[in-house]
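> Questions regarding the structure given below will be posed in turn.
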2 protein chains.
Amino acid sequence: MAQGLIQPRTLKGFRDYPPSVMMPREQIMDIARRVYRRYGFSPIDTPALEYLEILTGKGSEETDRQLYRFEDHGGRKVGLRFDLTVPLARFAAQHIQQLGTPFKRYHIAPVWRGESPQAGRFREFLQCDFDTIGTESVAADIETALVIHDLLTEIGITNFVLRINTRQLLNGLLEKHGLQERATPVLRALDKLDKIGAAGVLQELSETAQVSVEQSEAILGLASIHGSVDQVLSQVADLVQGSEKGEAGVERLYQITGALKQLGIAPERYRIDVAIARGLDYYTGVIYETTLTDLPAMGSVCSGGRYDNLAELYTKQHLPGIGASLGIDRLLAAMEQLGMLPAVHTPAAVFIPYFDADRLASYLQLARVLRNEGLGVEVYPDPKKLGAQLKYAVQRGFPVAVIAGSRELEAGLVQVKDLRTKQASEVPWSVDAPQPLVDLLKNLLGRAESA
Amino acid sequence: MAQGLIQPRTLKGFRDYPPSVMMPREQIMDIARRVYRRYGFSPIDTPALEYLEILTGKGSEETDRQLYRFEDHGGRKVGLRFDLTVPLARFAAQHIQQLGTPFKRYHIAPVWRGESPQAGRFREFLQCDFDTIGTESVAADIETALVIHDLLTEIGITNFVLRINTRQLLNGLLEKHGLQERATPVLRALDKLDKIGAAGVLQELSETAQVSVEQSEAILGLASIHGSVDQVLSQVADLVQGSEKGEAGVERLYQITGALKQLGIAPERYRIDVAIARGLDYYTGVIYETTLTDLPAMGSVCSGGRYDNLAELYTKQHLPGIGASLGIDRLLAAMEQLGMLPAVHTPAAVFIPYFDADRLASYLQLARVLRNEGLGVEVYPDPKKLGAQLKYAVQRGFPVAVIAGSRELEAGLVQVKDLRTKQASEVPWSVDAPQPLVDLLKNLLGRAESA
């Protein structure tokens, strides 16, 4: 090649997913799809590119600034989606007449934001959303909590807390104090409670929302209520008494937590947390966040809430709903920190070295029979020295190898080697009688690792 | 809302995937992942956006023209990937030292091309690639054919033919006739055989590649050989005799077809087709195309081939390999034309109407027990009239409903209704003794449909 090489590199803020990262990521996506489907959520997909007017002004000033935008070949102004909620709103406005309600969908796809790169933040990341559109029923609120619970449980997270709140409490309190018009700046200030403390929030409430000290103290009083579900709800009920909205919020939290209790969800897995607000303005009812007890600083790994009207910018049809989003990449980072990710780099469990150069067909046939029995099998493609092949197998994390030289094959045998314990044993093998080998392999691998 | 509505629409050349399309698409992706993993291919992912210099000049003039390109927030020239092969080459150059060879990866992800919209062609489509990098072994060629065979078989396609060729035959013939420097224009001309006929190809060979009539006839003679594997190979062997490359090609085709025969692949599933050339210049060895016998005009639904050096633009490391790509969207279009797509729009099989307004907890509990037994269950979220709920269930394609009024629940019963046959029966039910209901449902649904 005459010209120089092009430097192989990813764009700043982007990354590759090699097998060691992609395998657990796919496993979590598989679990998410399984759980969503089990609750009757259907998959949809939408284009990565949308008309710019669909995307701008639908998130925050920040998402507007971070939008990847350009002109396409036809001179149309377009942008890469920055979340899956705006595309869902556009999709619902366009198709809900044919699809009907309730409409329950999930959507697992990448989104793009030109953020300033920080540790652990990337400009392309996966979202994994599920939503129930077209109902205000508490049944959908409860099911959303159950889906979050089942998702984390099946992923293998045992120490998590689902934090439950409803925007109705704060809205009711604001209403009671004549502050309902100032909900947005109040929410923004409250969201900073962890960062700037009560004094900071008081100052911001006074400066940006013209809230009096007395009113601020009532608002901060709500955010400071802690305790068991019953303790919190009885204190909150006192605070919002007289506000229709606030009382409805308390009632709904009773219904949700009552159902979780009745369905046998462990009491340490959920909690009322009236301090969570979720920055986004469009939430109007129940709000969920999910934190890992062992890594609280990681923030929420699965969040969502109820909204009044999903698609009001695109259609006159009133579409209330509730949804949540699993933060797959954040969860993976947490699992890595907690040592929960297995260090296996192969999707197949059985390794077959290409031992005898003239016997390729025998190895391929052995592999085919084992695959038909539901086992994952990799055949090394070149007849290199056995030691080099087994070194490769150990590095990739194959738990077992099936080794067959001409001598063994002629005697109707193969050697099964457990690459974890280094123990080896001979077992009878022929295409017509594969069962002893299959049984031994499945036994060595356990049911979980086969296939 | 004071301002006007924004028209909800997708960009020209793009489309939404509603559940009826996305469910079979996900099913095919699930099967592809399962088959790839079973052969030891690992998943990877790469960014949708790459530096423009990584992408330009790596495909054809056409892909260069179709590239979505722009400047990002940092003024970097970037583009959306137009295939998964160029990102694989960049990825391999960057990471192969750590990953080692052989490296077997699969990658299922969207790509973007600003093509002129045509029927059935979209500007965003899914690619589903698998490649084995770092080996020249025929073992990888054979496994690639087996993966294609297993993919289509497990998707449920019974009438397909895997067409096998190797670029070595044509290259050998060109070498024999002193035309090796003119391989590219000869390939381009040959690729048009179906469109412009032998006379057209002869003319183009003469005009653009300065090939004599005698030489052209030898080239067209190769492309016109038909028959059984043995017939084709013996004729081809005569034609390329004396060319080392051509003879090596014949030998490799013998090895591949011999292995497929020995492994019990049905003879009608594969064929040597010396006319297929695959436009892309970078193929150097075996080439695969897969056509559906019932829809030959659809073109190939799974294609690929062997290349000499994947990443030569980015690294000095020599990386030969072989790969193929399943055209999921084309395959889905074919299955739709052939009436092979089921008209089911729900991922869950069991529908529970919200019958009695005060009994929500009973329905949620019933659903939870059935889900724990591996059944997919949707609970209608609002206590509407039963008729309206069942109409919804039938429209969505739920096969069965479990109906429970207060009378039934108090008597420890539920009604199971088969929504396909309209037959209903009562069955005992309690949280502590769910088995009669579970058994009836699994029996009605068959093993395949239960979750």
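By convention here, the chains of the structure tokens are called A, B, ... in the order presented, each chain's residues are numbered starting at 1, and ligands are numbered starting at 1 in the order presented.
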Quick one: pick out all alpha helix (DSSP H) residues within stretch 116-179 of chain B from a backbone DSSP run and write them as a list of chain:residue names.
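So the alpha helix (DSSP H) residues in stretch 116-179 of chain B would be B:Val138, B:Ala139, B:Ala140, B:Asp141, B:Ile142, B:Glu143, B:Thr144, B:Ala145, B:Leu146, B:Val147, B:Ile148, B:His149, B:Asp150, B:Leu151, B:Leu152, B:Thr153, B:Glu154, B:Ile155, B:Arg167, B:Gln168, B:Leu169, B:Leu170, B:Asn171, B:Gly172, B:Leu173, B:Leu174, B:Glu175, B:Lys176.
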> May I have a table of the residues of chain B lying at most 7 Å from chain A, giving each one's closest pair of atoms and their distance in Å to one decimal, counting only C-alpha atoms, ordered by chain and ascending residue number, as a Markdown table?

| residue | atom | partner | partner_atom | distance |
| --- | --- | --- | --- | --- |
| B:Leu5 | CA | A:Tyr314 | CA | 5.1 |
| B:Ile6 | CA | A:Tyr314 | CA | 5.0 |
| B:Gln7 | CA | A:Tyr314 | CA | 5.9 |
| B:Pro8 | CA | A:Arg90 | CA | 5.3 |
| B:Arg9 | CA | A:Gln94 | CA | 6.8 |
| B:Thr10 | CA | A:Glu50 | CA | 6.4 |
| B:Leu11 | CA | A:Glu50 | CA | 6.1 |
| B:Phe14 | CA | A:Pro47 | CA | 6.4 |
| B:Arg15 | CA | A:Pro47 | CA | 6.4 |
| B:Asp16 | CA | A:Thr46 | CA | 4.6 |
| B:Tyr17 | CA | A:Asp45 | CA | 4.9 |
| B:Pro18 | CA | A:Ile44 | CA | 5.1 |
| B:Pro19 | CA | A:Ile44 | CA | 5.3 |
| B:Met22 | CA | A:Ile44 | CA | 5.6 |
| B:Met23 | CA | A:Pro43 | CA | 6.3 |
| B:Arg37 | CA | A:Pro347 | CA | 5.3 |
| B:Arg38 | CA | A:Gly376 | CA | 3.9 |
| B:Tyr39 | CA | A:Glu378 | CA | 5.4 |
| B:Gly40 | CA | A:Ala348 | CA | 4.8 |
| B:Phe41 | CA | A:Pro347 | CA | 6.8 |
| B:Ser42 | CA | A:Pro19 | CA | 5.7 |
| B:Pro43 | CA | A:Pro19 | CA | 5.5 |
| B:Ile44 | CA | A:Pro18 | CA | 5.1 |
| B:Asp45 | CA | A:Tyr17 | CA | 4.9 |
| B:Thr46 | CA | A:Asp16 | CA | 4.6 |
| B:Pro47 | CA | A:Phe14 | CA | 6.4 |
| B:Glu50 | CA | A:Leu11 | CA | 6.1 |
| B:Tyr51 | CA | A:Leu11 | CA | 6.3 |
| B:Tyr68 | CA | A:Asp72 | CA | 6.8 |
| B:Phe70 | CA | A:Phe70 | CA | 6.2 |
| B:Asp72 | CA | A:Tyr68 | CA | 6.8 |
| B:His73 | CA | A:Gly114 | CA | 6.7 |
| B:Arg90 | CA | A:Pro8 | CA | 5.2 |
| B:Ala93 | CA | A:Pro8 | CA | 6.3 |
| B:Gln94 | CA | A:Pro8 | CA | 5.7 |
| B:Gly114 | CA | A:His73 | CA | 6.8 |
| B:Thr135 | CA | A:Pro381 | CA | 6.9 |
| B:Ser137 | CA | A:Pro381 | CA | 5.9 |
| B:Ala139 | CA | A:Pro381 | CA | 5.3 |
| B:Ala140 | CA | A:Pro381 | CA | 6.0 |
| B:Ala259 | CA | A:Ala361 | CA | 6.3 |
| B:Leu263 | CA | A:Gln365 | CA | 6.0 |
| B:Leu313 | CA | A:Leu5 | CA | 5.5 |
| B:Tyr314 | CA | A:Ile6 | CA | 5.0 |
| B:Thr315 | CA | A:Leu5 | CA | 6.5 |
| B:Thr346 | CA | A:Ser42 | CA | 6.4 |
| B:Pro347 | CA | A:Arg37 | CA | 5.3 |
| B:Ala348 | CA | A:Gly40 | CA | 4.8 |
| B:Ala361 | CA | A:Ala259 | CA | 6.3 |
| B:Gln365 | CA | A:Leu263 | CA | 6.0 |
| B:Arg371 | CA | A:Arg38 | CA | 6.6 |
| B:Leu375 | CA | A:Arg38 | CA | 6.8 |
| B:Gly376 | CA | A:Arg38 | CA | 3.9 |
| B:Val377 | CA | A:Tyr39 | CA | 5.4 |
| B:Glu378 | CA | A:Gly40 | CA | 4.8 |
| B:Pro381 | CA | A:Ala139 | CA | 5.3 |
| B:Asp382 | CA | A:Ser137 | CA | 6.0 |
| B:Ala451 | CA | A:Arg38 | CA | 6.7 |
> Could you work out how far atom CA of A:Tyr283 lies from atom CA of A:Lys192, giving the answer in Å with one decimal?
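Atom-to-atom, atom CA of A:Lys192 and atom CA of A:Tyr283 are spaced 17.5 Å apart.
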> Need to verify the contact set: stretch 231-236 of chain A, 7 Å, only C-alpha atoms, exclusion of same-chain residues closer than 5 positions in sequence. Can you return it as a ChimeraX atom specification?
/A:222,225-226,250,272
> Which distance in Å separates atom CA of B:Leu310 and atom CA of B:Thr166, to one decimal?
17.3 Å
> Please give the complete set of residues from stretch 270-425 of chain A that DSSP, run on the backbone, assigns to strand (DSSP E), formatted as a VMD selection string.
chain A and resid 270 to 272 283 to 292 302 to 307 321 to 326 350 to 352 377 to 379 400 to 403 413 to 418 424 to 425
> I need the chosen residues saved as a short mmCIF file (atom, residue, chain, number, x, y, z; two decimals), in the first residue's frame, with N, CA and C atoms.

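Written file, part01.cif:
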data_model
loop_
_atom_site.label_atom_id
_atom_site.label_comp_id
_atom_site.auth_asym_id
_atom_site.auth_seq_id
_atom_site.Cartn_x
_atom_site.Cartn_y
_atom_site.Cartn_z
N TYR A 270 -38.72 -1.58 48.63
CA TYR A 270 -39.36 -0.34 48.21
C TYR A 270 -39.59 0.58 49.40
N ARG A 271 -39.77 1.86 49.11
CA ARG A 271 -39.82 2.88 50.14
C ARG A 271 -40.48 4.12 49.53
N ILE A 272 -41.22 4.87 50.38
CA ILE A 272 -41.69 6.18 49.92
C ILE A 272 -40.57 7.17 50.17
N TYR A 283 -43.34 15.02 34.20
CA TYR A 283 -43.98 14.09 35.14
C TYR A 283 -45.05 14.80 35.95
N THR A 284 -46.19 14.15 36.11
CA THR A 284 -47.32 14.76 36.83
C THR A 284 -47.85 13.88 37.95
N GLY A 285 -47.51 12.59 37.95
CA GLY A 285 -48.03 11.69 38.99
C GLY A 285 -46.90 10.95 39.66
N VAL A 286 -47.07 9.64 39.79
CA VAL A 286 -46.09 8.84 40.51
C VAL A 286 -44.72 8.93 39.84
N ILE A 287 -43.68 8.88 40.67
CA ILE A 287 -42.29 8.93 40.20
C ILE A 287 -41.53 7.76 40.83
N TYR A 288 -40.71 7.11 40.03
CA TYR A 288 -39.89 6.00 40.54
C TYR A 288 -38.41 6.27 40.32
N GLU A 289 -37.61 5.93 41.32
CA GLU A 289 -36.16 5.84 41.15
C GLU A 289 -35.70 4.57 41.83
N THR A 290 -34.60 4.02 41.35
CA THR A 290 -34.12 2.77 41.91
C THR A 290 -32.64 2.90 42.21
N THR A 291 -32.29 2.78 43.48
CA THR A 291 -30.87 2.91 43.84
C THR A 291 -30.34 1.58 44.37
N LEU A 292 -29.04 1.37 44.14
CA LEU A 292 -28.38 0.17 44.63
C LEU A 292 -27.87 0.46 46.03
N CYS A 302 -32.83 2.80 37.43
CA CYS A 302 -34.09 2.60 36.70
C CYS A 302 -35.08 3.64 37.21
N SER A 303 -35.49 4.55 36.35
CA SER A 303 -36.29 5.68 36.77
C SER A 303 -37.44 5.90 35.80
N GLY A 304 -38.48 6.55 36.32
CA GLY A 304 -39.59 6.88 35.42
C GLY A 304 -40.71 7.55 36.18
N GLY A 305 -41.85 7.63 35.52
CA GLY A 305 -42.98 8.26 36.19
C GLY A 305 -44.17 8.41 35.26
N ARG A 306 -45.20 9.00 35.85
CA ARG A 306 -46.48 9.17 35.14
C ARG A 306 -46.54 10.57 34.55
N TYR A 307 -47.07 10.66 33.32
CA TYR A 307 -47.23 11.94 32.65
C TYR A 307 -48.68 12.07 32.19
N GLY A 321 -50.07 8.51 30.49
CA GLY A 321 -49.35 7.24 30.55
C GLY A 321 -48.32 7.22 31.64
N ILE A 322 -47.61 6.10 31.70
CA ILE A 322 -46.53 5.96 32.67
C ILE A 322 -45.45 5.09 32.05
N GLY A 323 -44.20 5.41 32.36
CA GLY A 323 -43.11 4.63 31.81
C GLY A 323 -41.87 4.74 32.65
N ALA A 324 -40.89 3.91 32.34
CA ALA A 324 -39.61 3.97 33.04
C ALA A 324 -38.52 3.48 32.11
N SER A 325 -37.29 3.69 32.52
CA SER A 325 -36.14 3.41 31.67
C SER A 325 -35.06 2.76 32.51
N LEU A 326 -34.56 1.63 32.01
CA LEU A 326 -33.46 0.95 32.70
C LEU A 326 -32.14 1.50 32.15
N VAL A 350 -18.03 -25.12 24.95
CA VAL A 350 -17.19 -26.27 24.62
C VAL A 350 -16.17 -25.88 23.55
N PHE A 351 -14.93 -26.20 23.80
CA PHE A 351 -13.86 -25.92 22.85
C PHE A 351 -13.35 -27.23 22.26
N ILE A 352 -13.26 -27.29 20.92
CA ILE A 352 -12.70 -28.48 20.26
C ILE A 352 -11.42 -28.08 19.54
N VAL A 377 -20.47 -24.65 20.81
CA VAL A 377 -19.20 -25.30 20.51
C VAL A 377 -18.37 -24.44 19.56
N GLU A 378 -17.11 -24.23 19.89
CA GLU A 378 -16.19 -23.59 18.95
C GLU A 378 -15.10 -24.57 18.55
N VAL A 379 -14.90 -24.70 17.24
CA VAL A 379 -13.80 -25.52 16.72
C VAL A 379 -12.66 -24.60 16.34
N VAL A 400 -14.70 -26.06 29.19
CA VAL A 400 -14.30 -27.43 28.87
C VAL A 400 -13.80 -27.55 27.42
N ALA A 401 -12.92 -28.55 27.22
CA ALA A 401 -12.44 -28.87 25.88
C ALA A 401 -12.70 -30.34 25.62
N VAL A 402 -13.02 -30.66 24.36
CA VAL A 402 -13.15 -32.06 23.94
C VAL A 402 -12.02 -32.33 22.95
N ILE A 403 -11.07 -33.16 23.38
CA ILE A 403 -9.83 -33.37 22.63
C ILE A 403 -9.87 -34.75 22.00
N LEU A 413 -13.27 -42.98 21.15
CA LEU A 413 -13.16 -42.24 22.42
C LEU A 413 -12.86 -40.76 22.14
N VAL A 414 -13.16 -39.92 23.12
CA VAL A 414 -12.60 -38.57 23.14
C VAL A 414 -12.18 -38.28 24.58
N GLN A 415 -11.31 -37.27 24.71
CA GLN A 415 -10.91 -36.86 26.06
C GLN A 415 -11.64 -35.56 26.40
N VAL A 416 -12.28 -35.53 27.56
CA VAL A 416 -12.95 -34.31 28.01
C VAL A 416 -12.08 -33.68 29.10
N LYS A 417 -11.69 -32.41 28.87
CA LYS A 417 -10.82 -31.76 29.84
C LYS A 417 -11.55 -30.55 30.44
N ASP A 418 -11.64 -30.54 31.75
CA ASP A 418 -12.19 -29.38 32.45
C ASP A 418 -11.08 -28.35 32.57
N ALA A 424 -9.01 -34.34 33.48
CA ALA A 424 -9.39 -34.89 32.20
C ALA A 424 -9.90 -36.32 32.37
N SER A 425 -10.83 -36.73 31.49
CA SER A 425 -11.27 -38.12 31.52
C SER A 425 -11.64 -38.55 30.10
#
> When you count only C-alpha atoms, which of these residues is closest to A:Ile265: A:Asn309, A:Thr184, A:Thr153, A:Asn171?
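Among the listed residues, A:Thr153 lies closest to A:Ile265.
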> Can you tell me, as a compact mmCIF listing (two decimals) with N, CA and C atoms, in the first residue's frame, what residues are no more than 8 Å from B:Ser406 when counting only C-alpha atoms, ignoring any on the same chain fewer than 4 positions away?

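Below is the file part26.txt, written as the result:
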# COMPACT_ATOMS: atom_id res chain seq x y z
N ASP B 356 -63.94 -6.78 37.81
CA ASP B 356 -64.64 -6.24 38.97
C ASP B 356 -63.78 -5.11 39.55
N ARG B 359 -61.55 -5.49 42.62
CA ARG B 359 -60.74 -6.70 42.71
C ARG B 359 -59.38 -6.58 42.03
N GLU B 410 -64.95 -15.79 44.57
CA GLU B 410 -65.41 -16.25 45.88
C GLU B 410 -65.61 -17.76 45.92
> Determine, counting only C-alpha atoms, which protein, DNA and RNA residues have an atom within 12 Å of an atom of A:Gln203; residues of the same chain fewer than 4 positions away are not included. Present the result as a list in words.
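Selected residues are Val186, Ala189, Leu190, Lys192, Leu193, Ile196, Gly197, Ala198, Ala199, Glu207, Thr208, Ala209, Gln210, Val211, Ser212, Val213, Ser216, Glu217 and Leu220 of chain A.
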> Write to file, as a PDB file, in the first residue's frame, the residues of the selection just made, with C-alpha atoms.

ATOM      1  CA  VAL A 186     -39.379  25.107  42.836  1.00  0.00           C
ATOM      2  CA  ALA A 189     -34.313  24.132  43.346  1.00  0.00           C
ATOM      3  CA  LEU A 190     -35.498  21.045  45.235  1.00  0.00           C
ATOM      4  CA  LYS A 192     -30.379  20.358  44.146  1.00  0.00           C
ATOM      5  CA  LEU A 193     -31.076  19.534  47.801  1.00  0.00           C
ATOM      6  CA  ILE A 196     -26.432  22.605  47.929  1.00  0.00           C
ATOM      7  CA  GLY A 197     -28.212  21.668  51.164  1.00  0.00           C
ATOM      8  CA  ALA A 198     -31.361  23.125  52.751  1.00  0.00           C
ATOM      9  CA  ALA A 199     -29.882  26.621  53.124  1.00  0.00           C
ATOM     10  CA  GLU A 207     -34.303  34.345  44.619  1.00  0.00           C
ATOM     11  CA  THR A 208     -35.661  32.533  41.567  1.00  0.00           C
ATOM     12  CA  ALA A 209     -39.225  31.713  42.629  1.00  0.00           C
ATOM     13  CA  GLN A 210     -40.027  34.538  45.069  1.00  0.00           C
ATOM     14  CA  VAL A 211     -41.074  31.971  47.667  1.00  0.00           C
ATOM     15  CA  SER A 212     -41.372  33.257  51.254  1.00  0.00           C
ATOM     16  CA  VAL A 213     -39.387  31.691  54.085  1.00  0.00           C
ATOM     17  CA  SER A 216     -40.050  27.364  51.683  1.00  0.00           C
ATOM     18  CA  GLU A 217     -40.040  25.694  55.054  1.00  0.00           C
ATOM     19  CA  LEU A 220     -38.527  21.595  52.638  1.00  0.00           C
TER      20      LEU A 220
END
> Do you have the atom CA of B:Asp273-atom CA of B:Arg330 distance handy?
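About the pair atom CA of B:Asp273 and atom CA of B:Arg330: they are 21.6 Å apart.
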> Which neighbours of B:Ala333 fall inside 12 Å, counting only C-alpha atoms, when residues of the same chain fewer than 2 positions from it are skipped, and could you give them as JSON, numbers by chain?
{"B": [21, 24, 25, 119, 120, 121, 292, 295, 298, 299, 301, 327, 328, 329, 330, 331, 335, 336, 337, 338, 339, 340, 341]}
> Would you mind exporting the chosen residues as a PDB file, in the first residue's frame, restricted to C-alpha atoms?

ATOM      1  CA  VAL B  21     -43.344  -5.741  12.268  1.00  0.00           C
ATOM      2  CA  PRO B  24     -40.978 -11.037  13.941  1.00  0.00           C
ATOM      3  CA  ARG B  25     -37.876  -8.830  13.475  1.00  0.00           C
ATOM      4  CA  ALA B 119     -39.818   0.289  -3.120  1.00  0.00           C
ATOM      5  CA  GLY B 120     -38.529  -1.794  -0.228  1.00  0.00           C
ATOM      6  CA  ARG B 121     -35.285   0.207   0.147  1.00  0.00           C
ATOM      7  CA  LEU B 292     -35.158 -18.382  -1.638  1.00  0.00           C
ATOM      8  CA  LEU B 295     -38.812 -15.953  -4.417  1.00  0.00           C
ATOM      9  CA  MET B 298     -35.810 -11.156  -4.129  1.00  0.00           C
ATOM     10  CA  GLY B 299     -32.065 -11.670  -4.502  1.00  0.00           C
ATOM     11  CA  VAL B 301     -30.925 -12.932   1.800  1.00  0.00           C
ATOM     12  CA  GLY B 327     -30.417  -9.386   5.363  1.00  0.00           C
ATOM     13  CA  ILE B 328     -33.069  -9.330   8.076  1.00  0.00           C
ATOM     14  CA  ASP B 329     -35.322  -6.706   6.504  1.00  0.00           C
ATOM     15  CA  ARG B 330     -35.179  -8.339   3.068  1.00  0.00           C
ATOM     16  CA  LEU B 331     -35.886 -11.727   4.629  1.00  0.00           C
ATOM     17  CA  MET B 335     -41.573 -13.969   4.572  1.00  0.00           C
ATOM     18  CA  GLU B 336     -44.411 -11.473   4.423  1.00  0.00           C
ATOM     19  CA  GLN B 337     -44.855 -12.107   0.671  1.00  0.00           C
ATOM     20  CA  LEU B 338     -44.814 -15.855   1.308  1.00  0.00           C
ATOM     21  CA  GLY B 339     -47.404 -15.541   4.085  1.00  0.00           C
ATOM     22  CA  MET B 340     -44.932 -16.854   6.660  1.00  0.00           C
ATOM     23  CA  LEU B 341     -45.437 -14.090   9.248  1.00  0.00           C
TER      24      LEU B 341
END
> Tell me which of A:Gln127, A:Arg167, A:Gly405, A:Gly156 sits closest to A:Glu426, counting only C-alpha atoms.
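Using only C-alpha atoms, the shortest distance to A:Glu426 belongs to A:Gly405.
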